[in-house]
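J.: Contents of upload16.tsv (TSV, C-alpha atoms (C1' of nucleotides)):
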chain	number	residue	atom	x	y	z
A	67	MET	CA	49.80	58.59	67.05
A	68	ARG	CA	53.21	57.65	68.30
A	69	ARG	CA	55.04	60.57	69.82
A	70	ASP	CA	58.72	60.48	70.40
A	71	ILE	CA	61.18	63.14	71.31
A	72	PHE	CA	62.98	63.05	67.97
A	73	GLN	CA	59.80	63.78	66.12
A	74	ALA	CA	59.01	66.52	68.62
A	75	ILE	CA	62.24	68.41	68.00
A	76	ALA	CA	62.05	67.96	64.23
A	77	ASP	CA	59.85	71.03	63.88
A	78	PRO	CA	61.72	74.36	64.03
A	79	THR	CA	58.82	76.14	65.74
A	80	ARG	CA	58.81	73.53	68.46
A	81	ARG	CA	62.56	73.92	68.94
A	82	ALA	CA	62.02	77.65	69.28
A	83	ILE	CA	59.30	77.06	71.86
A	84	ILE	CA	61.62	74.76	73.78
A	85	THR	CA	64.30	77.43	73.79
A	86	LEU	CA	61.79	80.01	74.96
A	87	ILE	CA	60.44	78.04	77.91
A	88	ALA	CA	63.74	76.43	78.91
A	89	LEU	CA	64.49	79.09	81.49
A	90	GLN	CA	61.06	80.40	82.43
A	91	ALA	CA	57.52	79.06	82.31
A	92	MET	CA	55.20	80.83	79.85
A	93	THR	CA	51.55	80.85	78.81
A	94	PRO	CA	50.52	79.84	75.26
A	95	LYS	CA	49.54	83.41	74.53
A	96	ALA	CA	52.88	84.77	75.66
A	97	ILE	CA	54.69	82.16	73.57
A	98	ALA	CA	52.60	82.97	70.49
A	99	ASN	CA	53.45	86.66	70.90
A	100	ASN	CA	57.10	85.76	70.41
A	101	PHE	CA	56.50	84.18	67.03
A	102	ASN	CA	54.71	84.98	63.84
A	103	THR	CA	51.99	82.46	64.52
A	104	THR	CA	48.64	82.03	66.22
A	105	ARG	CA	47.91	80.90	69.75
A	106	GLN	CA	46.10	77.84	68.44
A	107	ALA	CA	49.12	76.71	66.46
A	108	VAL	CA	51.30	77.13	69.53
A	109	SER	CA	48.73	75.22	71.53
A	110	LYS	CA	48.97	72.30	69.15
A	111	HIS	CA	52.73	72.29	69.39
A	112	LEU	CA	52.52	72.40	73.17
A	113	ARG	CA	50.18	69.45	73.09
A	114	ILE	CA	52.67	67.41	71.08
A	115	LEU	CA	55.49	68.45	73.40
A	116	THR	CA	53.35	67.50	76.39
A	117	GLU	CA	52.47	64.12	74.90
A	118	CYS	CA	56.11	63.14	74.73
A	119	GLU	CA	56.71	64.61	78.19
A	120	LEU	CA	59.09	67.30	77.04
A	121	VAL	CA	56.96	69.96	78.65
A	122	LYS	CA	55.08	70.25	81.90
A	123	GLN	CA	52.23	72.59	82.76
A	124	GLU	CA	51.09	74.43	85.83
A	125	GLN	CA	47.67	75.99	86.08
A	126	LYS	CA	47.37	79.38	87.72
A	127	GLY	CA	43.82	80.63	87.59
A	128	ARG	CA	42.76	80.65	83.98
A	129	GLU	CA	46.35	80.75	82.79
A	130	ILE	CA	48.46	77.69	82.14
A	131	TYR	CA	52.21	78.03	82.41
A	132	TYR	CA	54.32	75.71	80.30
A	133	SER	CA	57.94	74.92	81.06
A	134	LEU	CA	60.58	72.57	79.76
A	135	GLU	CA	61.10	69.15	81.31
A	136	ILE	CA	64.85	69.39	81.07
A	137	GLU	CA	65.40	65.81	82.21
A	138	LYS	CA	63.73	64.59	79.05
A	139	MET	CA	66.32	66.34	76.94
A	140	LYS	CA	68.88	63.97	78.33
A	141	GLU	CA	67.33	61.24	76.21
A	142	ILE	CA	68.76	62.91	73.14
A	143	ASP	CA	72.08	63.18	74.91
A	144	ASN	CA	71.97	59.48	75.72
A	145	TRP	CA	71.25	58.60	72.11
A	146	LEU	CA	74.08	60.80	70.99
A	147	GLU	CA	76.46	59.07	73.36
A	148	GLN	CA	77.17	56.19	70.97
A	149	TYR	CA	78.25	58.64	68.27
A	150	ARG	CA	80.20	60.78	70.66
A	151	LYS	CA	82.30	57.71	71.38
A	152	ILE	CA	83.00	57.36	67.68
A	153	TRP	CA	84.09	60.90	67.03
A	154	GLU	CA	86.18	60.97	70.17
A	155	SER	CA	87.96	57.76	69.22
A	156	ARG	CA	88.62	59.16	65.73
A	157	PHE	CA	90.03	62.28	67.31
A	158	ASN	CA	92.34	60.14	69.38
A	159	GLU	CA	93.45	58.27	66.25
A	160	LEU	CA	94.32	61.63	64.74
A	161	GLU	CA	96.22	62.63	67.87
A	162	LYS	CA	98.31	59.50	67.63
A	163	VAL	CA	99.24	60.30	64.05
A	164	LEU	CA	100.09	63.88	64.90
A	165	ALA	CA	101.96	63.02	68.10
A	166	ILE	CA	105.57	64.08	68.18
A	167	PRO	CA	107.62	60.97	68.91
B	243	MET	CA	62.36	70.87	50.20
B	244	ARG	CA	64.01	72.04	53.38
B	245	ARG	CA	66.30	69.42	54.80
B	246	ASP	CA	67.76	69.75	58.21
B	247	ILE	CA	69.42	67.29	60.47
B	248	PHE	CA	66.63	67.31	63.05
B	249	GLN	CA	64.09	66.33	60.44
B	250	ALA	CA	66.48	63.66	59.20
B	251	ILE	CA	66.77	61.93	62.57
B	252	ALA	CA	63.04	62.21	63.28
B	253	ASP	CA	62.33	59.02	61.38
B	254	PRO	CA	63.12	55.79	63.27
B	255	THR	CA	64.17	53.93	60.11
B	256	ARG	CA	66.67	56.66	59.34
B	257	ARG	CA	68.05	56.50	62.87
B	258	ALA	CA	68.44	52.75	62.42
B	259	ILE	CA	70.27	53.32	59.13
B	260	ILE	CA	72.56	55.81	60.82
B	261	THR	CA	73.35	53.27	63.53
B	262	LEU	CA	74.01	50.63	60.92
B	263	ILE	CA	76.46	52.63	58.82
B	264	ALA	CA	78.13	54.44	61.70
B	265	LEU	CA	80.96	51.94	61.93
B	266	GLN	CA	81.11	50.48	58.44
B	267	ALA	CA	80.07	51.61	54.96
B	268	MET	CA	77.23	49.65	53.40
B	269	THR	CA	75.34	49.39	50.13
B	270	PRO	CA	71.61	50.21	49.92
B	271	LYS	CA	70.84	46.57	49.33
B	272	ALA	CA	72.79	45.43	52.36
B	273	ILE	CA	71.06	48.06	54.47
B	274	ALA	CA	67.63	47.01	53.21
B	275	ASN	CA	68.39	43.40	54.11
B	276	ASN	CA	68.72	44.47	57.73
B	277	PHE	CA	65.21	45.87	57.81
B	278	ASN	CA	61.77	44.84	56.79
B	279	THR	CA	61.72	47.22	53.86
B	280	THR	CA	62.66	47.52	50.20
B	281	ARG	CA	65.87	48.82	48.68
B	282	GLN	CA	63.96	51.67	47.09
B	283	ALA	CA	62.62	52.85	50.42
B	284	VAL	CA	66.12	52.73	51.88
B	285	SER	CA	67.32	54.60	48.83
B	286	LYS	CA	64.89	57.41	49.56
B	287	HIS	CA	66.03	57.63	53.16
B	288	LEU	CA	69.66	57.69	52.04
B	289	ARG	CA	68.85	60.52	49.69
B	290	ILE	CA	67.39	62.56	52.52
B	291	LEU	CA	70.38	61.76	54.72
B	292	THR	CA	72.71	62.74	51.89
B	293	GLU	CA	70.88	65.99	51.26
B	294	CYS	CA	71.53	67.14	54.80
B	295	GLU	CA	75.12	65.86	54.59
B	296	LEU	CA	74.71	63.23	57.29
B	297	VAL	CA	75.90	60.53	54.95
B	298	LYS	CA	78.63	60.27	52.33
B	299	GLN	CA	78.90	57.83	49.45
B	300	GLU	CA	81.71	56.04	47.69
B	301	GLN	CA	81.22	54.32	44.38
B	302	LYS	CA	82.89	50.96	43.84
B	303	GLY	CA	82.01	49.51	40.49
B	304	ARG	CA	78.24	49.36	40.35
B	305	GLU	CA	77.95	49.38	44.11
B	306	ILE	CA	77.67	52.52	46.19
B	307	TYR	CA	78.85	52.38	49.76
B	308	TYR	CA	77.20	54.73	52.22
B	309	SER	CA	78.76	55.74	55.50
B	310	LEU	CA	78.00	58.16	58.29
B	311	GLU	CA	79.43	61.66	58.27
B	312	ILE	CA	80.12	61.62	61.97
B	313	GLU	CA	81.17	65.26	62.09
B	314	LYS	CA	77.64	66.28	61.17
B	315	MET	CA	76.31	64.56	64.27
B	316	LYS	CA	78.16	67.14	66.31
B	317	GLU	CA	75.60	69.69	65.19
B	318	ILE	CA	73.04	67.97	67.38
B	319	ASP	CA	75.54	67.93	70.19
B	320	ASN	CA	76.12	71.65	69.76
B	321	TRP	CA	72.41	72.37	69.86
B	322	LEU	CA	72.10	70.28	72.98
B	323	GLU	CA	74.87	72.23	74.66
B	324	GLN	CA	72.57	75.04	75.79
B	325	TYR	CA	70.35	72.54	77.60
B	326	ARG	CA	73.24	70.60	79.00
B	327	LYS	CA	74.28	73.81	80.71
B	328	ILE	CA	70.85	74.05	82.28
B	329	TRP	CA	70.69	70.53	83.65
B	330	GLU	CA	74.24	70.71	84.89
B	331	SER	CA	73.57	73.95	86.72
B	332	ARG	CA	70.44	72.44	88.28
B	333	PHE	CA	72.48	69.49	89.36
B	334	ASN	CA	74.95	71.86	91.01
B	335	GLU	CA	72.08	73.65	92.77
B	336	LEU	CA	71.02	70.29	94.12
B	337	GLU	CA	74.56	69.52	95.19
B	338	LYS	CA	74.70	72.75	97.14
B	339	VAL	CA	71.51	71.87	98.97
B	340	LEU	CA	72.73	68.39	99.74
B	341	ALA	CA	76.23	69.47	100.65
B	342	ILE	CA	77.29	68.64	104.18
B	343	PRO	CA	78.42	71.89	105.77
C	147	DT	C1'	76.74	39.62	23.04
C	148	DA	C1'	72.95	38.75	26.18
C	149	DA	C1'	71.24	38.29	30.76
C	150	DT	C1'	71.66	39.71	35.39
C	151	DT	C1'	72.57	42.82	39.16
C	152	DG	C1'	72.74	47.25	41.77
C	153	DC	C1'	71.30	51.57	41.57
C	154	DG	C1'	68.65	56.37	41.41
C	155	DA	C1'	64.61	58.71	39.90
C	156	DA	C1'	59.85	59.51	38.61
C	157	DA	C1'	54.96	58.64	39.23
C	158	DC	C1'	51.70	57.54	42.27
C	159	DC	C1'	49.06	56.63	46.81
C	160	DA	C1'	47.60	56.58	51.68
C	161	DA	C1'	48.67	58.58	55.96
C	162	DT	C1'	50.35	62.32	58.61
C	163	DT	C1'	51.41	67.08	59.55
C	164	DG	C1'	50.96	72.01	60.56
C	165	DA	C1'	47.93	75.71	60.30
C	166	DT	C1'	43.35	77.98	60.44
C	167	DT	C1'	38.64	78.66	61.93
C	168	DG	C1'	35.01	78.29	65.12
C	169	DC	C1'	33.29	77.00	69.46
C	170	DA	C1'	32.53	76.07	74.50
C	171	DA	C1'	34.35	76.15	79.26
C	172	DA	C1'	36.57	78.43	82.99
C	173	DT	C1'	38.31	82.51	85.16
C	174	DA	C1'	38.72	87.43	85.80
C	175	DT	C1'	36.86	92.11	85.70
C	176	DA	C1'	33.23	95.79	85.25
D	165	DT	C1'	25.24	89.84	86.71
D	166	DA	C1'	27.22	90.91	82.25
D	167	DT	C1'	31.37	91.11	79.58
D	168	DA	C1'	36.12	90.16	78.36
D	169	DT	C1'	40.07	87.11	78.50
D	170	DT	C1'	42.61	82.71	78.32
D	171	DT	C1'	42.42	78.39	77.07
D	172	DG	C1'	41.62	73.48	74.99
D	173	DC	C1'	39.43	70.98	71.42
D	174	DA	C1'	37.13	69.49	67.09
D	175	DA	C1'	36.63	70.15	62.13
D	176	DT	C1'	38.76	71.24	58.06
D	177	DC	C1'	42.34	72.04	54.46
D	178	DA	C1'	46.74	72.15	51.87
D	179	DA	C1'	51.26	70.38	52.00
D	180	DT	C1'	54.46	66.87	53.19
D	181	DT	C1'	55.90	62.20	54.16
D	182	DG	C1'	57.07	57.34	53.66
D	183	DG	C1'	56.25	53.59	50.85
D	184	DT	C1'	55.47	50.93	46.37
D	185	DT	C1'	55.82	50.17	41.52
D	186	DT	C1'	57.98	50.96	37.44
D	187	DC	C1'	61.51	52.50	34.58
D	188	DG	C1'	66.18	53.30	32.51
D	189	DC	C1'	71.19	53.36	33.15
D	190	DA	C1'	75.68	51.38	34.21
D	191	DA	C1'	78.50	47.56	35.70
D	192	DT	C1'	79.15	42.70	36.13
D	193	DT	C1'	78.73	37.92	34.65
D	194	DA	C1'	77.62	33.96	31.58
Starting from the file, lay out its structure as structure tokens.

T.:
Amino acid sequence: MRRDIFQAIADPTRRAIITLIALQAMTPKAIANNFNTTRQAVSKHLRILTECELVKQEQKGREIYYSLEIEKMKEIDNWLEQYRKIWESRFNELEKVLAIP
Amino acid sequence: MRRDIFQAIADPTRRAIITLIALQAMTPKAIANNFNTTRQAVSKHLRILTECELVKQEQKGREIYYSLEIEKMKEIDNWLEQYRKIWESRFNELEKVLAIP
DNA sequence: TAATTGCGAAACCAATTGATTGCAAATATA
DNA sequence: TATATTTGCAATCAATTGGTTTCGCAATTA
């Protein structure tokens, strides 16, 4: 059961959850109310997101508030870095061609 | 058969293929030789990558060269933008706290 | 021309995934 | 204390996934 961040964000519902809790912590029930799905399904998604440390939880009484571990998102950014270099260098190539002498 | 870029990069083999063909076009056979897998398996991955327009192909005789459609990778970058804003703003908050008056 | 090579596609299989249902535990409220 | 609410977790099911095997087609080579 290998969890990695790329697998975690592959599911559209999980991406929606991430968007939802990026700015404010929410309970599973509150999250489920925002989608056309059940609490249990959301709970499973939250579990997957927690397993790959994309989400952290804070218990308050019987409620559990989930919020995004924004630092973890940087991993995607880091992976993307190698490709960003490529498209930036290609852009520079294009600039050279278009440059007025 | 919904193909989207996030699902495409979820698989580690596909990410490895993307890395491999990012800088130079390669045939399925050449790609397969770089991994511990068959040409047919690579072929299936390439099909998925092609379906979501992450990869383009160029026929040369009986060989087909696959290369990365780098522009498509920007879609991930665009999606990440909303979160980049968050972690940058948090960093600025931190800076304010740490700032020497 | 005949054999070989590179390829995609279809058929198939085991493993995984996402969703649902049902349940028990913990907390809150009457 | 009795009841309702919020939750995680296990069992189950249908659909999807990644891989293999096999096949036929087109291009190259002998």

J.: Would you mind aligning chain B to chain A, a least-squares fit over all C-alpha atoms taken in order, and returning the superposed chain as a tab-separated table (two decimals) with C-alpha atoms, in the coordinates of the input?

T.:
chain	number	residue	atom	x	y	z
B	243	MET	CA	49.69	58.73	67.10
B	244	ARG	CA	53.24	57.78	67.98
B	245	ARG	CA	55.02	60.58	69.74
B	246	ASP	CA	58.70	60.47	70.34
B	247	ILE	CA	61.15	63.11	71.29
B	248	PHE	CA	62.98	63.05	67.96
B	249	GLN	CA	59.79	63.78	66.09
B	250	ALA	CA	59.02	66.52	68.60
B	251	ILE	CA	62.26	68.40	67.99
B	252	ALA	CA	62.06	67.95	64.21
B	253	ASP	CA	59.88	71.02	63.85
B	254	PRO	CA	61.73	74.36	64.02
B	255	THR	CA	58.82	76.14	65.73
B	256	ARG	CA	58.82	73.52	68.46
B	257	ARG	CA	62.57	73.90	68.93
B	258	ALA	CA	62.02	77.65	69.26
B	259	ILE	CA	59.31	77.04	71.85
B	260	ILE	CA	61.63	74.75	73.77
B	261	THR	CA	64.31	77.44	73.76
B	262	LEU	CA	61.80	80.00	74.93
B	263	ILE	CA	60.46	78.05	77.90
B	264	ALA	CA	63.75	76.45	78.89
B	265	LEU	CA	64.53	79.11	81.47
B	266	GLN	CA	61.10	80.43	82.41
B	267	ALA	CA	57.54	79.10	82.29
B	268	MET	CA	55.24	80.83	79.84
B	269	THR	CA	51.60	80.85	78.80
B	270	PRO	CA	50.54	79.82	75.27
B	271	LYS	CA	49.58	83.39	74.51
B	272	ALA	CA	52.93	84.76	75.61
B	273	ILE	CA	54.70	82.13	73.53
B	274	ALA	CA	52.59	82.94	70.47
B	275	ASN	CA	53.45	86.62	70.84
B	276	ASN	CA	57.10	85.72	70.32
B	277	PHE	CA	56.40	84.14	66.96
B	278	ASN	CA	54.53	84.94	63.83
B	279	THR	CA	51.81	82.44	64.60
B	280	THR	CA	48.50	82.04	66.41
B	281	ARG	CA	47.88	80.85	69.95
B	282	GLN	CA	46.03	77.84	68.61
B	283	ALA	CA	49.00	76.73	66.55
B	284	VAL	CA	51.25	77.10	69.58
B	285	SER	CA	48.68	75.17	71.56
B	286	LYS	CA	48.96	72.26	69.15
B	287	HIS	CA	52.73	72.26	69.38
B	288	LEU	CA	52.53	72.35	73.18
B	289	ARG	CA	50.21	69.38	73.08
B	290	ILE	CA	52.71	67.38	71.06
B	291	LEU	CA	55.52	68.44	73.39
B	292	THR	CA	53.39	67.47	76.38
B	293	GLU	CA	52.51	64.10	74.90
B	294	CYS	CA	56.16	63.14	74.71
B	295	GLU	CA	56.76	64.60	78.19
B	296	LEU	CA	59.13	67.31	77.02
B	297	VAL	CA	57.01	69.97	78.63
B	298	LYS	CA	55.11	70.27	81.90
B	299	GLN	CA	52.25	72.59	82.77
B	300	GLU	CA	51.13	74.46	85.84
B	301	GLN	CA	47.71	76.01	86.10
B	302	LYS	CA	47.41	79.43	87.71
B	303	GLY	CA	43.87	80.68	87.61
B	304	ARG	CA	42.82	80.63	83.99
B	305	GLU	CA	46.39	80.75	82.79
B	306	ILE	CA	48.51	77.69	82.14
B	307	TYR	CA	52.25	78.04	82.41
B	308	TYR	CA	54.36	75.71	80.31
B	309	SER	CA	57.97	74.93	81.07
B	310	LEU	CA	60.62	72.59	79.75
B	311	GLU	CA	61.14	69.17	81.29
B	312	ILE	CA	64.88	69.41	81.05
B	313	GLU	CA	65.45	65.84	82.20
B	314	LYS	CA	63.76	64.59	79.04
B	315	MET	CA	66.35	66.37	76.93
B	316	LYS	CA	68.92	63.98	78.33
B	317	GLU	CA	67.35	61.25	76.23
B	318	ILE	CA	68.76	62.92	73.14
B	319	ASP	CA	72.08	63.21	74.88
B	320	ASN	CA	72.01	59.51	75.70
B	321	TRP	CA	71.25	58.60	72.11
B	322	LEU	CA	74.08	60.80	70.96
B	323	GLU	CA	76.49	59.08	73.32
B	324	GLN	CA	77.18	56.20	70.94
B	325	TYR	CA	78.26	58.65	68.24
B	326	ARG	CA	80.21	60.80	70.62
B	327	LYS	CA	82.29	57.72	71.34
B	328	ILE	CA	83.00	57.36	67.64
B	329	TRP	CA	84.10	60.93	67.01
B	330	GLU	CA	86.16	60.99	70.15
B	331	SER	CA	87.95	57.80	69.19
B	332	ARG	CA	88.63	59.20	65.72
B	333	PHE	CA	90.00	62.30	67.31
B	334	ASN	CA	92.33	60.14	69.40
B	335	GLU	CA	93.44	58.27	66.26
B	336	LEU	CA	94.31	61.63	64.77
B	337	GLU	CA	96.16	62.63	67.90
B	338	LYS	CA	98.25	59.50	67.70
B	339	VAL	CA	99.21	60.28	64.12
B	340	LEU	CA	100.06	63.85	64.97
B	341	ALA	CA	101.85	63.00	68.19
B	342	ILE	CA	105.48	64.03	68.32
B	343	PRO	CA	107.47	60.92	69.16

J.: What does the distance between atom CA of Glu305 of chain B and atom CA of Asp246 of chain B come to in Å, to one decimal place?

T.: 26.8 Å

J.: I need the residue nearest chain C from this list: A:Leu112, A:Asp143, A:Ser133, A:Thr103. Use all atoms listed in the file for the distance.

T.: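 Smallest distance to chain C is found for A:Thr103.
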
J.: Of the candidates A:Ile130, A:Ile136, A:Ile152, A:Ile84, which shows the shortest atom-to-atom distance to chain C, using all atoms listed in the file?

T.: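 Nearest candidate to chain C out of A:Ile130, A:Ile136, A:Ile152, A:Ile84: A:Ile130.
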
J.: Leaving out Asn276 of chain B and any residue of its chain fewer than 2 positions from it, which residues lie within 12 Å of it when counting all atoms listed in the file, given as a ChimeraX atom specification?

T.: /B:255,258-259,261-263,268-274,278-281,284

J.: Ranking C:DC159, C:DT147, C:DA176, C:DC153 by minimum distance to DG183 of chain D and counting only C-alpha atoms (C1' of nucleotides), which one comes first?

T.: C:DC159

J.: Please measure the separation of atom CA of Arg304 of chain B and atom C1' of DT193 of chain D, giving the value in Å to one decimal.

T.: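 Atom C1' of DT193 of chain D lies 12.8 Å from atom CA of Arg304 of chain B.
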
J.: I'd like the interatomic distance between atom CA of Glu147 of chain A and atom CA of Lys338 of chain B, to a tenth of an Å.

T.: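 Computed distance, atom CA of Glu147 of chain A to atom CA of Lys338 of chain B, equals 27.5 Å.
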
J.: Can you work out which residues from chain B touch chain A at a cut-off of 8 Å (counting all atoms listed in the file) and hand them back as a PyMOL selection string?

T.: chain B and resi 248-253+264+312-313+315-316+319+322+325-326+328-329

J.: Could the residues in this selection be written to a file with C-alpha atoms, as a JSON list (two decimals), keeping the file's coordinate frame?

T.:
[["chain", "number", "residue", "atom", "x", "y", "z"],
["B", 248, "PHE", "CA", 66.63, 67.31, 63.05],
["B", 249, "GLN", "CA", 64.09, 66.33, 60.44],
["B", 250, "ALA", "CA", 66.48, 63.66, 59.20],
["B", 251, "ILE", "CA", 66.77, 61.93, 62.57],
["B", 252, "ALA", "CA", 63.04, 62.21, 63.28],
["B", 253, "ASP", "CA", 62.33, 59.02, 61.38],
["B", 264, "ALA", "CA", 78.13, 54.44, 61.70],
["B", 312, "ILE", "CA", 80.12, 61.62, 61.97],
["B", 313, "GLU", "CA", 81.17, 65.26, 62.09],
["B", 315, "MET", "CA", 76.31, 64.56, 64.27],
["B", 316, "LYS", "CA", 78.16, 67.14, 66.31],
["B", 319, "ASP", "CA", 75.54, 67.93, 70.19],
["B", 322, "LEU", "CA", 72.10, 70.28, 72.98],
["B", 325, "TYR", "CA", 70.35, 72.54, 77.60],
["B", 326, "ARG", "CA", 73.24, 70.60, 79.00],
["B", 328, "ILE", "CA", 70.85, 74.05, 82.28],
["B", 329, "TRP", "CA", 70.69, 70.53, 83.65]]

J.: Which residue out of D:DA190, D:DC173, D:DA179, D:DA168 has the minimum interatomic distance to chain B when all atoms listed in the file are used?

T.: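 So, comparing all the options, the nearest one is D:DA190.
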
J.: Would you kindly report the residues of chain D within 12 Å of chain A, using only C-alpha atoms (C1' of nucleotides), as a list in words?

T.: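 On the chain D side, the interface is DT169, DT170, DT171, DG172 and DC173 of chain D.
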
J.: Would you kindly place N, CA, C and O atoms on segment 77-95 of chain A and return the model as a PDB file, in the coordinates of the input?

T.:
ATOM      1  N   ASP A  77      60.469  69.789  64.340  1.00  0.00           N
ATOM      2  CA  ASP A  77      59.850  71.030  63.880  1.00  0.00           C
ATOM      3  C   ASP A  77      60.561  72.254  64.449  1.00  0.00           C
ATOM      4  O   ASP A  77      60.728  72.362  65.661  1.00  0.00           O
ATOM      5  N   PRO A  78      60.969  73.190  63.577  1.00  0.00           N
ATOM      6  CA  PRO A  78      61.720  74.360  64.030  1.00  0.00           C
ATOM      7  C   PRO A  78      60.946  75.241  65.014  1.00  0.00           C
ATOM      8  O   PRO A  78      61.545  75.796  65.937  1.00  0.00           O
ATOM      9  N   THR A  79      59.627  75.345  64.800  1.00  0.00           N
ATOM     10  CA  THR A  79      58.820  76.140  65.740  1.00  0.00           C
ATOM     11  C   THR A  79      58.852  75.511  67.121  1.00  0.00           C
ATOM     12  O   THR A  79      58.965  76.204  68.135  1.00  0.00           O
ATOM     13  N   ARG A  80      58.772  74.193  67.163  1.00  0.00           N
ATOM     14  CA  ARG A  80      58.810  73.530  68.460  1.00  0.00           C
ATOM     15  C   ARG A  80      60.170  73.706  69.130  1.00  0.00           C
ATOM     16  O   ARG A  80      60.261  73.880  70.354  1.00  0.00           O
ATOM     17  N   ARG A  81      61.245  73.680  68.347  1.00  0.00           N
ATOM     18  CA  ARG A  81      62.560  73.920  68.940  1.00  0.00           C
ATOM     19  C   ARG A  81      62.640  75.331  69.503  1.00  0.00           C
ATOM     20  O   ARG A  81      63.209  75.554  70.575  1.00  0.00           O
ATOM     21  N   ALA A  82      62.025  76.262  68.794  1.00  0.00           N
ATOM     22  CA  ALA A  82      62.020  77.650  69.280  1.00  0.00           C
ATOM     23  C   ALA A  82      61.226  77.761  70.575  1.00  0.00           C
ATOM     24  O   ALA A  82      61.624  78.470  71.502  1.00  0.00           O
ATOM     25  N   ILE A  83      60.101  77.054  70.638  1.00  0.00           N
ATOM     26  CA  ILE A  83      59.300  77.060  71.860  1.00  0.00           C
ATOM     27  C   ILE A  83      60.107  76.491  73.024  1.00  0.00           C
ATOM     28  O   ILE A  83      60.118  77.040  74.125  1.00  0.00           O
ATOM     29  N   ILE A  84      60.787  75.389  72.752  1.00  0.00           N
ATOM     30  CA  ILE A  84      61.620  74.760  73.780  1.00  0.00           C
ATOM     31  C   ILE A  84      62.660  75.744  74.314  1.00  0.00           C
ATOM     32  O   ILE A  84      62.858  75.874  75.525  1.00  0.00           O
ATOM     33  N   THR A  85      63.298  76.438  73.384  1.00  0.00           N
ATOM     34  CA  THR A  85      64.300  77.430  73.790  1.00  0.00           C
ATOM     35  C   THR A  85      63.670  78.502  74.679  1.00  0.00           C
ATOM     36  O   THR A  85      64.231  78.909  75.697  1.00  0.00           O
ATOM     37  N   LEU A  86      62.480  78.916  74.265  1.00  0.00           N
ATOM     38  CA  LEU A  86      61.790  80.010  74.960  1.00  0.00           C
ATOM     39  C   LEU A  86      61.421  79.637  76.392  1.00  0.00           C
ATOM     40  O   LEU A  86      61.565  80.441  77.312  1.00  0.00           O
ATOM     41  N   ILE A  87      60.931  78.409  76.578  1.00  0.00           N
ATOM     42  CA  ILE A  87      60.440  78.040  77.910  1.00  0.00           C
ATOM     43  C   ILE A  87      61.471  77.248  78.724  1.00  0.00           C
ATOM     44  O   ILE A  87      61.153  76.719  79.781  1.00  0.00           O
ATOM     45  N   ALA A  88      62.691  77.191  78.210  1.00  0.00           N
ATOM     46  CA  ALA A  88      63.740  76.430  78.910  1.00  0.00           C
ATOM     47  C   ALA A  88      64.068  77.073  80.253  1.00  0.00           C
ATOM     48  O   ALA A  88      64.311  76.381  81.237  1.00  0.00           O
ATOM     49  N   LEU A  89      64.050  78.398  80.265  1.00  0.00           N
ATOM     50  CA  LEU A  89      64.490  79.090  81.490  1.00  0.00           C
ATOM     51  C   LEU A  89      63.335  79.646  82.315  1.00  0.00           C
ATOM     52  O   LEU A  89      63.456  79.847  83.504  1.00  0.00           O
ATOM     53  N   GLN A  90      62.194  79.886  81.658  1.00  0.00           N
ATOM     54  CA  GLN A  90      61.060  80.400  82.430  1.00  0.00           C
ATOM     55  C   GLN A  90      59.739  79.873  81.847  1.00  0.00           C
ATOM     56  O   GLN A  90      59.584  79.775  80.632  1.00  0.00           O
ATOM     57  N   ALA A  91      58.830  79.544  82.730  1.00  0.00           N
ATOM     58  CA  ALA A  91      57.520  79.060  82.310  1.00  0.00           C
ATOM     59  C   ALA A  91      56.744  80.193  81.625  1.00  0.00           C
ATOM     60  O   ALA A  91      56.870  81.360  82.007  1.00  0.00           O
ATOM     61  N   MET A  92      55.964  79.813  80.590  1.00  0.00           N
ATOM     62  CA  MET A  92      55.200  80.830  79.850  1.00  0.00           C
ATOM     63  C   MET A  92      53.826  80.304  79.472  1.00  0.00           C
ATOM     64  O   MET A  92      53.629  79.111  79.330  1.00  0.00           O
ATOM     65  N   THR A  93      52.898  81.229  79.259  1.00  0.00           N
ATOM     66  CA  THR A  93      51.550  80.850  78.810  1.00  0.00           C
ATOM     67  C   THR A  93      51.554  80.727  77.276  1.00  0.00           C
ATOM     68  O   THR A  93      52.413  81.312  76.608  1.00  0.00           O
ATOM     69  N   PRO A  94      50.598  79.977  76.719  1.00  0.00           N
ATOM     70  CA  PRO A  94      50.520  79.840  75.260  1.00  0.00           C
ATOM     71  C   PRO A  94      50.435  81.190  74.564  1.00  0.00           C
ATOM     72  O   PRO A  94      51.047  81.401  73.525  1.00  0.00           O
ATOM     73  N   LYS A  95      49.686  82.089  75.147  1.00  0.00           N
ATOM     74  CA  LYS A  95      49.540  83.410  74.530  1.00  0.00           C
ATOM     75  C   LYS A  95      50.867  84.153  74.485  1.00  0.00           C
ATOM     76  O   LYS A  95      51.229  84.738  73.475  1.00  0.00           O
TER      77      LYS A  95
END
